[in-house]
Amino acid sequence: MWALLVLIGAASVSAHLQDLSFDGQKVFRVLPQNDEQVEILNFLASIMEVDFWKPDSVTLVRPKMQVDFRVEAEKSFDVEGLLKESGMEYQVLIDNLQAALDAQFDSKARTASHSYEKYNDWDTIAAWTADIAAQNPDLVSRSVIGKTYEGRPMYLLKMGKSGPNKKAIFMDCGFHAREWISPAFCQWFVKEAVETYGKDTVMTTLLDKLDFYVLPVVNIDGYVYTWTNDRMWRKTRSKNPGSICLGTDPNRNLDAGWCTLGASKSPCSSTYCGSAPESEKETKALADFIREHLSTIKAYLTIHSYSQLLLFPYSYTYDLPSNYEELNSIAKAASKELASLYNTKYTYGPGAKTIYPAAGGSDDWAYDQGIKYSFTFELRDTGRYGFLLPESQIKPTCEETLLAVKYIANYVLEHLY
């Protein structure tokens, strides 16, 4: 078997140059049973390009853990042969990535303009932020909290009826470029707020008594790149001195156990922690804004995909937060609310224990700043489509997630501190 691995490795030098048709690329799901099978995956990753979807990195793989990864088309037969030979339990989740990519765009709303039921590119989202604020001046205002590495303005929407001494909830989407369902949810949330204000009693109360800061896309440069060059791109697009590899994982770039567990010091890794905490202009802008508004921000919600999880601190340590019981009961109730609509099952709990350790994440950072209600959502699905969730699932995904977000917001409103 090891001879087979060496053969695969020899042919893989050129694979680093991104072949931007995903034709024939496969996504495998494996279940390594023991340390030897974990070692096989580690070796595989060391000799060829393997894009880990879940967990984010081969270093996090443990026995009995479900592992999803993508491989180049010309390697997929070899990899499948290796998995068979090693006796590892596996299935092909996605047989042809290009076909899955094309199939994402199944929305009936194929208009050139903005739609809440399709994936919108960055220019469309940016124009939408201006429009939604202009059309709802008594509920929404737009500001710029910084610029990205490539110079794009980072638009933030503030939502709520104006009033004195209001507390706030901060929500962001699009930390990881390829998680397209995430920005779709931030847009949906804003739409629901303006459309149901004055009609839905919970939403009306929330907007009367709280402000919501919504950052529709954190990693804008990366998001643009997923539309123009590489749909599977995850990181930012900043240059790394001394390396040909671009980008930092913005959700490993905050000062919360920075660059310890579950983050990489290698600029070529998809979980690269950056040269220092907040080295990325995007994370710095987000952190600066939250620091400036710490006296008012009482909850932090960050939206990712995929896996159907509702996580809370900590991810950089196995220690539990001081208000663990409270956070756990909120997550349990919010997951139940979410499931009430389409019976979508979420797993909930502290990040490190529930999925795997990951240092430098925004939820842990916000919590350590004193924001005691801090949650990460991992939206649909559990891997059938992974990052390529079809547009036909945007509406149901957003509808159910909204129920959980409203539950958490309402809880925060009733437990202001």
# chains A, B, ... in the order shown; residues from 1 in each chain; ligands from 1
>>> select_by_dssp(residues="segment 262-307 of chain A", states="alpha helix (DSSP H)", output="number ranges by chain")
A: 281-292
>>> residues_around(residues="Asn328 of chain A", least_positions_apart="5", cutoff="9 Å", atoms="only C-alpha atoms", output="VMD selection string")
chain A and resid 311 to 312 323 333 348 to 350
>>> write_last_selection(atoms="all heavy atoms", output="PDB file, in the first residue's frame")
ATOM      1  N   LEU A 311     -22.593  26.238  18.048  1.00  0.00           N
ATOM      2  CA  LEU A 311     -21.440  26.138  18.945  1.00  0.00           C
ATOM      3  C   LEU A 311     -21.297  27.392  19.786  1.00  0.00           C
ATOM      4  O   LEU A 311     -21.729  28.474  19.401  1.00  0.00           O
ATOM      5  CB  LEU A 311     -20.161  25.945  18.128  1.00  0.00           C
ATOM      6  CG  LEU A 311     -20.166  24.778  17.142  1.00  0.00           C
ATOM      7  CD1 LEU A 311     -18.922  24.819  16.263  1.00  0.00           C
ATOM      8  CD2 LEU A 311     -20.255  23.446  17.879  1.00  0.00           C
ATOM      9  N   PHE A 312     -20.666  27.217  20.937  1.00  0.00           N
ATOM     10  CA  PHE A 312     -20.313  28.359  21.780  1.00  0.00           C
ATOM     11  C   PHE A 312     -18.932  28.088  22.361  1.00  0.00           C
ATOM     12  O   PHE A 312     -18.383  26.994  22.189  1.00  0.00           O
ATOM     13  CB  PHE A 312     -21.392  28.598  22.856  1.00  0.00           C
ATOM     14  CG  PHE A 312     -21.765  27.399  23.677  1.00  0.00           C
ATOM     15  CD1 PHE A 312     -21.025  27.025  24.789  1.00  0.00           C
ATOM     16  CD2 PHE A 312     -22.880  26.625  23.336  1.00  0.00           C
ATOM     17  CE1 PHE A 312     -21.369  25.923  25.553  1.00  0.00           C
ATOM     18  CE2 PHE A 312     -23.234  25.513  24.087  1.00  0.00           C
ATOM     19  CZ  PHE A 312     -22.477  25.159  25.206  1.00  0.00           C
ATOM     20  N   ASN A 323     -20.208  30.603  32.165  1.00  0.00           N
ATOM     21  CA  ASN A 323     -21.671  30.474  32.097  1.00  0.00           C
ATOM     22  C   ASN A 323     -22.080  29.333  31.161  1.00  0.00           C
ATOM     23  O   ASN A 323     -23.040  29.429  30.400  1.00  0.00           O
ATOM     24  CB  ASN A 323     -22.312  31.800  31.647  1.00  0.00           C
ATOM     25  CG  ASN A 323     -21.862  32.246  30.258  1.00  0.00           C
ATOM     26  OD1 ASN A 323     -20.771  31.884  29.813  1.00  0.00           O
ATOM     27  ND2 ASN A 323     -22.686  33.019  29.578  1.00  0.00           N
ATOM     28  N   ALA A 333     -32.300  25.136  23.376  1.00  0.00           N
ATOM     29  CA  ALA A 333     -33.620  25.687  23.047  1.00  0.00           C
ATOM     30  C   ALA A 333     -33.642  26.276  21.632  1.00  0.00           C
ATOM     31  O   ALA A 333     -34.609  26.102  20.884  1.00  0.00           O
ATOM     32  CB  ALA A 333     -34.007  26.751  24.073  1.00  0.00           C
ATOM     33  N   TYR A 348     -25.298  20.711  19.274  1.00  0.00           N
ATOM     34  CA  TYR A 348     -24.869  21.948  19.934  1.00  0.00           C
ATOM     35  C   TYR A 348     -23.896  21.629  21.061  1.00  0.00           C
ATOM     36  O   TYR A 348     -23.857  20.502  21.576  1.00  0.00           O
ATOM     37  CB  TYR A 348     -26.078  22.725  20.479  1.00  0.00           C
ATOM     38  CG  TYR A 348     -26.912  21.945  21.468  1.00  0.00           C
ATOM     39  CD1 TYR A 348     -26.618  21.969  22.831  1.00  0.00           C
ATOM     40  CD2 TYR A 348     -27.986  21.152  21.039  1.00  0.00           C
ATOM     41  CE1 TYR A 348     -27.368  21.236  23.741  1.00  0.00           C
ATOM     42  CE2 TYR A 348     -28.744  20.420  21.935  1.00  0.00           C
ATOM     43  CZ  TYR A 348     -28.418  20.463  23.286  1.00  0.00           C
ATOM     44  OH  TYR A 348     -29.153  19.728  24.178  1.00  0.00           O
ATOM     45  N   GLY A 349     -23.109  22.637  21.443  1.00  0.00           N
ATOM     46  CA  GLY A 349     -22.165  22.467  22.542  1.00  0.00           C
ATOM     47  C   GLY A 349     -20.942  23.347  22.361  1.00  0.00           C
ATOM     48  O   GLY A 349     -20.833  24.089  21.377  1.00  0.00           O
ATOM     49  N   PRO A 350     -19.997  23.267  23.304  1.00  0.00           N
ATOM     50  CA  PRO A 350     -18.761  24.052  23.185  1.00  0.00           C
ATOM     51  C   PRO A 350     -17.916  23.532  22.015  1.00  0.00           C
ATOM     52  O   PRO A 350     -17.826  22.320  21.791  1.00  0.00           O
ATOM     53  CB  PRO A 350     -18.057  23.835  24.525  1.00  0.00           C
ATOM     54  CG  PRO A 350     -18.703  22.656  25.156  1.00  0.00           C
ATOM     55  CD  PRO A 350     -20.055  22.466  24.544  1.00  0.00           C
TER      56      PRO A 350
END
>>> residues_around(residues="Pro183 of chain A", least_positions_apart="5", cutoff="12 Å", atoms="only C-alpha atoms", output="ChimeraX atom specification")
/A:116-122,124-126,171-178,188-190,214-220,223,302-305,379,394,398
>>> closest_residue(among="A:Ala334, A:Ile132, A:Leu206, A:Leu101", to="Lys191 of chain A", atoms="only C-alpha atoms")
A:Ile132
>>> atom_distance(atom1="atom CA of Ala168 of chain A", atom2="atom CA of Ala409 of chain A")
9.5 Å
>>> residues_around(residues="Phe22 of chain A", least_positions_apart="4", cutoff="10 Å", atoms="only C-alpha atoms", output="list in words")
Gln18, Lys26, Val71, Glu72, Ala73, Asn96, Leu97, Gln98, Ala99, Ala100, Leu101, Asp230, Arg231 and Met232 of chain A
>>> write_last_selection(atoms="C-alpha atoms", output="PDB file, in the first residue's frame")
ATOM      1  CA  GLN A  18      -5.197  25.195  -9.510  1.00  0.00           C
ATOM      2  CA  LYS A  26     -14.483  14.033  -6.092  1.00  0.00           C
ATOM      3  CA  VAL A  71      -9.175  15.559  -4.449  1.00  0.00           C
ATOM      4  CA  GLU A  72      -8.099  16.429  -7.987  1.00  0.00           C
ATOM      5  CA  ALA A  73      -9.751  14.491 -10.803  1.00  0.00           C
ATOM      6  CA  ASN A  96     -18.234  15.217  -9.974  1.00  0.00           C
ATOM      7  CA  LEU A  97     -17.613  18.537  -8.273  1.00  0.00           C
ATOM      8  CA  GLN A  98     -18.171  20.591 -11.438  1.00  0.00           C
ATOM      9  CA  ALA A  99     -21.646  19.106 -11.853  1.00  0.00           C
ATOM     10  CA  ALA A 100     -22.436  19.895  -8.200  1.00  0.00           C
ATOM     11  CA  LEU A 101     -21.107  23.406  -8.719  1.00  0.00           C
ATOM     12  CA  ASP A 230     -11.783  29.454  -7.493  1.00  0.00           C
ATOM     13  CA  ARG A 231     -15.144  28.494  -5.994  1.00  0.00           C
ATOM     14  CA  MET A 232     -13.355  26.493  -3.277  1.00  0.00           C
TER      15      MET A 232
END
>>> residues_around(residues="Tyr417 of chain A", least_positions_apart="6", cutoff="12 Å", atoms="only C-alpha atoms", output="list of chain:residue names")
A:Lys167, A:Ala168, A:Ser295, A:Thr296, A:Ile297, A:Lys298, A:Ala299, A:Gly370, A:Ile371, A:Lys372, A:Tyr373, A:Tyr411
>>> residues_around(residues="segment 253-269 of chain A", least_positions_apart="6", cutoff="10 Å", atoms="only C-alpha atoms", output="VMD selection string")
chain A and resid 51 55 to 60 235 239 to 247 275 to 280 282 to 284 287 314 to 317 352 356 to 369
>>> atom_distance(atom1="atom CA of Glu399 of chain A", atom2="atom CA of Leu341 of chain A")
8.0 Å
>>> atom_distance(atom1="atom CA of Pro313 of chain A", atom2="atom CA of Ser329 of chain A")
13.6 Å
>>> closest_residue(among="A:Leu207, A:Leu388, A:Val144, A:Ala45", to="Gly163 of chain A", atoms="only C-alpha atoms")
A:Leu207
>>> closest_residue(among="A:Leu309, A:Ile169, A:Ile355, A:Leu31", to="Leu294 of chain A", atoms="only C-alpha atoms")
A:Ile169
>>> closest_residue(among="A:Thr344, A:Ser238, A:Ser335, A:Thr129", to="Gly151 of chain A", atoms="only C-alpha atoms")
A:Ser238
>>> residues_around(residues="Gln393 of chain A", least_positions_apart="6", cutoff="9 Å", atoms="only C-alpha atoms", output="PDB file with all heavy atoms, in the first residue's frame")
ATOM      1  N   SER A 107     -31.957  28.145  -8.641  1.00  0.00           N
ATOM      2  CA  SER A 107     -33.021  29.047  -8.216  1.00  0.00           C
ATOM      3  C   SER A 107     -33.909  29.422  -9.387  1.00  0.00           C
ATOM      4  O   SER A 107     -33.439  29.596 -10.507  1.00  0.00           O
ATOM      5  CB  SER A 107     -32.425  30.316  -7.607  1.00  0.00           C
ATOM      6  OG  SER A 107     -33.443  31.270  -7.385  1.00  0.00           O
ATOM      7  N   GLU A 117     -33.264  34.668  -2.815  1.00  0.00           N
ATOM      8  CA  GLU A 117     -33.321  33.223  -3.009  1.00  0.00           C
ATOM      9  C   GLU A 117     -32.296  32.717  -4.019  1.00  0.00           C
ATOM     10  O   GLU A 117     -32.408  31.628  -4.548  1.00  0.00           O
ATOM     11  CB  GLU A 117     -34.741  32.787  -3.387  1.00  0.00           C
ATOM     12  CG  GLU A 117     -35.716  33.044  -2.250  1.00  0.00           C
ATOM     13  CD  GLU A 117     -37.076  32.398  -2.467  1.00  0.00           C
ATOM     14  OE1 GLU A 117     -37.133  31.300  -3.034  1.00  0.00           O
ATOM     15  OE2 GLU A 117     -38.074  33.015  -2.069  1.00  0.00           O
ATOM     16  N   ILE A 181     -23.725  30.075   1.682  1.00  0.00           N
ATOM     17  CA  ILE A 181     -25.031  30.149   2.358  1.00  0.00           C
ATOM     18  C   ILE A 181     -24.977  31.150   3.520  1.00  0.00           C
ATOM     19  O   ILE A 181     -25.987  31.711   3.925  1.00  0.00           O
ATOM     20  CB  ILE A 181     -25.503  28.753   2.845  1.00  0.00           C
ATOM     21  CG1 ILE A 181     -26.939  28.791   3.396  1.00  0.00           C
ATOM     22  CG2 ILE A 181     -24.559  28.173   3.878  1.00  0.00           C
ATOM     23  CD1 ILE A 181     -28.005  29.213   2.404  1.00  0.00           C
ATOM     24  N   ARG A 380     -26.747  24.453   7.093  1.00  0.00           N
ATOM     25  CA  ARG A 380     -26.864  23.249   6.266  1.00  0.00           C
ATOM     26  C   ARG A 380     -25.692  23.138   5.300  1.00  0.00           C
ATOM     27  O   ARG A 380     -25.124  24.133   4.900  1.00  0.00           O
ATOM     28  CB  ARG A 380     -28.148  23.298   5.419  1.00  0.00           C
ATOM     29  CG  ARG A 380     -29.434  23.224   6.181  1.00  0.00           C
ATOM     30  CD  ARG A 380     -30.550  23.051   5.180  1.00  0.00           C
ATOM     31  NE  ARG A 380     -31.867  23.174   5.809  1.00  0.00           N
ATOM     32  CZ  ARG A 380     -33.002  22.980   5.149  1.00  0.00           C
ATOM     33  NH1 ARG A 380     -32.978  22.665   3.855  1.00  0.00           N
ATOM     34  NH2 ARG A 380     -34.171  23.106   5.766  1.00  0.00           N
TER      35      ARG A 380
END
>>> closest_residue(among="A:Phe52, A:Tyr385, A:Trp227, A:Phe377", to="Tyr346 of chain A", atoms="only C-alpha atoms")
A:Phe377
>>> select_by_dssp(residues="segment 181-381 of chain A", states="strand (DSSP E or B)", output="ChimeraX atom specification")
/A:210-215,264,272,297-305,309-312,347-350,373-379
>>> closest_residue(among="A:Phe28, A:Tyr407, A:Tyr272, A:Phe185", to="Lys395 of chain A", atoms="only C-alpha atoms")
A:Phe185
>>> decode(residues="segment 52-64 of chain A", atoms="all heavy atoms", output="tab-separated table (two decimals), in the first residue's frame")
chain	number	residue	atom	x	y	z
A	52	PHE	N	-9.34	19.65	2.69
A	52	PHE	CA	-10.19	19.12	3.76
A	52	PHE	C	-11.39	20.04	3.99
A	52	PHE	O	-11.25	21.22	4.23
A	52	PHE	CB	-9.37	18.94	5.05
A	52	PHE	CG	-8.54	17.70	5.00
A	52	PHE	CD1	-7.30	17.72	4.38
A	52	PHE	CD2	-9.02	16.50	5.49
A	52	PHE	CE1	-6.54	16.56	4.27
A	52	PHE	CE2	-8.27	15.33	5.38
A	52	PHE	CZ	-7.03	15.36	4.77
A	53	TRP	N	-12.57	19.45	3.87
A	53	TRP	CA	-13.82	20.19	4.08
A	53	TRP	C	-14.25	20.07	5.53
A	53	TRP	O	-14.76	21.01	6.11
A	53	TRP	CB	-14.91	19.63	3.16
A	53	TRP	CG	-14.79	20.07	1.74
A	53	TRP	CD1	-13.67	20.56	1.12
A	53	TRP	CD2	-15.83	20.08	0.74
A	53	TRP	NE1	-13.94	20.87	-0.19
A	53	TRP	CE2	-15.27	20.58	-0.45
A	53	TRP	CE3	-17.17	19.71	0.75
A	53	TRP	CZ2	-16.00	20.72	-1.63
A	53	TRP	CZ3	-17.90	19.84	-0.43
A	53	TRP	CH2	-17.33	20.35	-1.60
A	54	LYS	N	-14.07	18.90	6.09
A	54	LYS	CA	-14.48	18.67	7.48
A	54	LYS	C	-13.68	17.54	8.04
A	54	LYS	O	-13.75	16.45	7.49
A	54	LYS	CB	-15.99	18.31	7.52
A	54	LYS	CG	-16.63	18.48	8.88
A	54	LYS	CD	-18.10	18.14	8.86
A	54	LYS	CE	-18.28	16.65	8.99
A	54	LYS	NZ	-19.67	16.20	8.98
A	55	PRO	N	-12.87	17.73	9.08
A	55	PRO	CA	-12.50	19.02	9.67
A	55	PRO	C	-11.69	19.87	8.68
A	55	PRO	O	-11.44	19.44	7.56
A	55	PRO	CB	-11.64	18.60	10.87
A	55	PRO	CG	-11.02	17.31	10.46
A	55	PRO	CD	-12.08	16.61	9.64
A	56	ASP	N	-11.26	21.06	9.11
A	56	ASP	CA	-10.60	22.01	8.23
A	56	ASP	C	-9.18	21.59	7.85
A	56	ASP	O	-8.58	22.16	6.96
A	56	ASP	CB	-10.47	23.39	8.91
A	56	ASP	CG	-11.80	23.94	9.35
A	56	ASP	OD1	-12.80	23.66	8.67
A	56	ASP	OD2	-11.85	24.64	10.37
A	57	SER	N	-8.61	20.65	8.60
A	57	SER	CA	-7.21	20.31	8.40
A	57	SER	C	-6.98	18.86	8.80
A	57	SER	O	-7.63	18.35	9.71
A	57	SER	CB	-6.35	21.24	9.27
A	57	SER	OG	-5.09	20.66	9.52
A	58	VAL	N	-6.03	18.22	8.13
A	58	VAL	CA	-5.73	16.81	8.42
A	58	VAL	C	-5.20	16.66	9.85
A	58	VAL	O	-5.35	15.61	10.47
A	58	VAL	CB	-4.73	16.24	7.39
A	58	VAL	CG1	-3.32	16.81	7.57
A	58	VAL	CG2	-4.71	14.71	7.43
A	59	THR	N	-4.59	17.73	10.38
A	59	THR	CA	-4.02	17.63	11.74
A	59	THR	C	-5.10	17.39	12.80
A	59	THR	O	-4.80	16.99	13.91
A	59	THR	CB	-3.26	18.92	12.10
A	59	THR	OG1	-4.17	20.03	12.01
A	59	THR	CG2	-2.09	19.15	11.16
A	60	LEU	N	-6.35	17.69	12.44
A	60	LEU	CA	-7.44	17.54	13.41
A	60	LEU	C	-8.11	16.17	13.34
A	60	LEU	O	-8.99	15.86	14.15
A	60	LEU	CB	-8.49	18.63	13.18
A	60	LEU	CG	-7.98	20.06	13.34
A	60	LEU	CD1	-8.98	21.06	12.77
A	60	LEU	CD2	-7.70	20.37	14.80
A	61	VAL	N	-7.70	15.36	12.35
A	61	VAL	CA	-8.37	14.07	12.16
A	61	VAL	C	-8.03	13.10	13.30
A	61	VAL	O	-6.87	12.97	13.69
A	61	VAL	CB	-7.99	13.45	10.80
A	61	VAL	CG1	-8.57	12.05	10.65
A	61	VAL	CG2	-8.47	14.35	9.66
A	62	ARG	N	-9.06	12.47	13.84
A	62	ARG	CA	-8.91	11.48	14.91
A	62	ARG	C	-9.67	10.22	14.53
A	62	ARG	O	-10.61	10.29	13.73
A	62	ARG	CB	-9.49	12.03	16.23
A	62	ARG	CG	-8.84	13.32	16.75
A	62	ARG	CD	-7.42	13.07	17.27
A	62	ARG	NE	-6.77	14.31	17.69
A	62	ARG	CZ	-5.96	15.04	16.92
A	62	ARG	NH1	-5.74	14.67	15.66
A	62	ARG	NH2	-5.38	16.13	17.37
A	63	PRO	N	-9.32	9.07	15.15
A	63	PRO	CA	-10.09	7.86	14.87
A	63	PRO	C	-11.58	8.07	15.17
A	63	PRO	O	-11.93	8.83	16.08
A	63	PRO	CB	-9.49	6.83	15.84
A	63	PRO	CG	-8.09	7.29	16.07
A	63	PRO	CD	-8.17	8.80	16.04
A	64	LYS	N	-12.43	7.43	14.36
A	64	LYS	CA	-13.89	7.45	14.51
A	64	LYS	C	-14.51	8.81	14.16
A	64	LYS	O	-15.66	9.07	14.45
A	64	LYS	CB	-14.34	7.07	15.94
A	64	LYS	CG	-13.72	5.79	16.49
A	64	LYS	CD	-14.50	4.58	16.04
A	64	LYS	CE	-14.17	3.36	16.90
A	64	LYS	NZ	-13.59	2.27	16.14
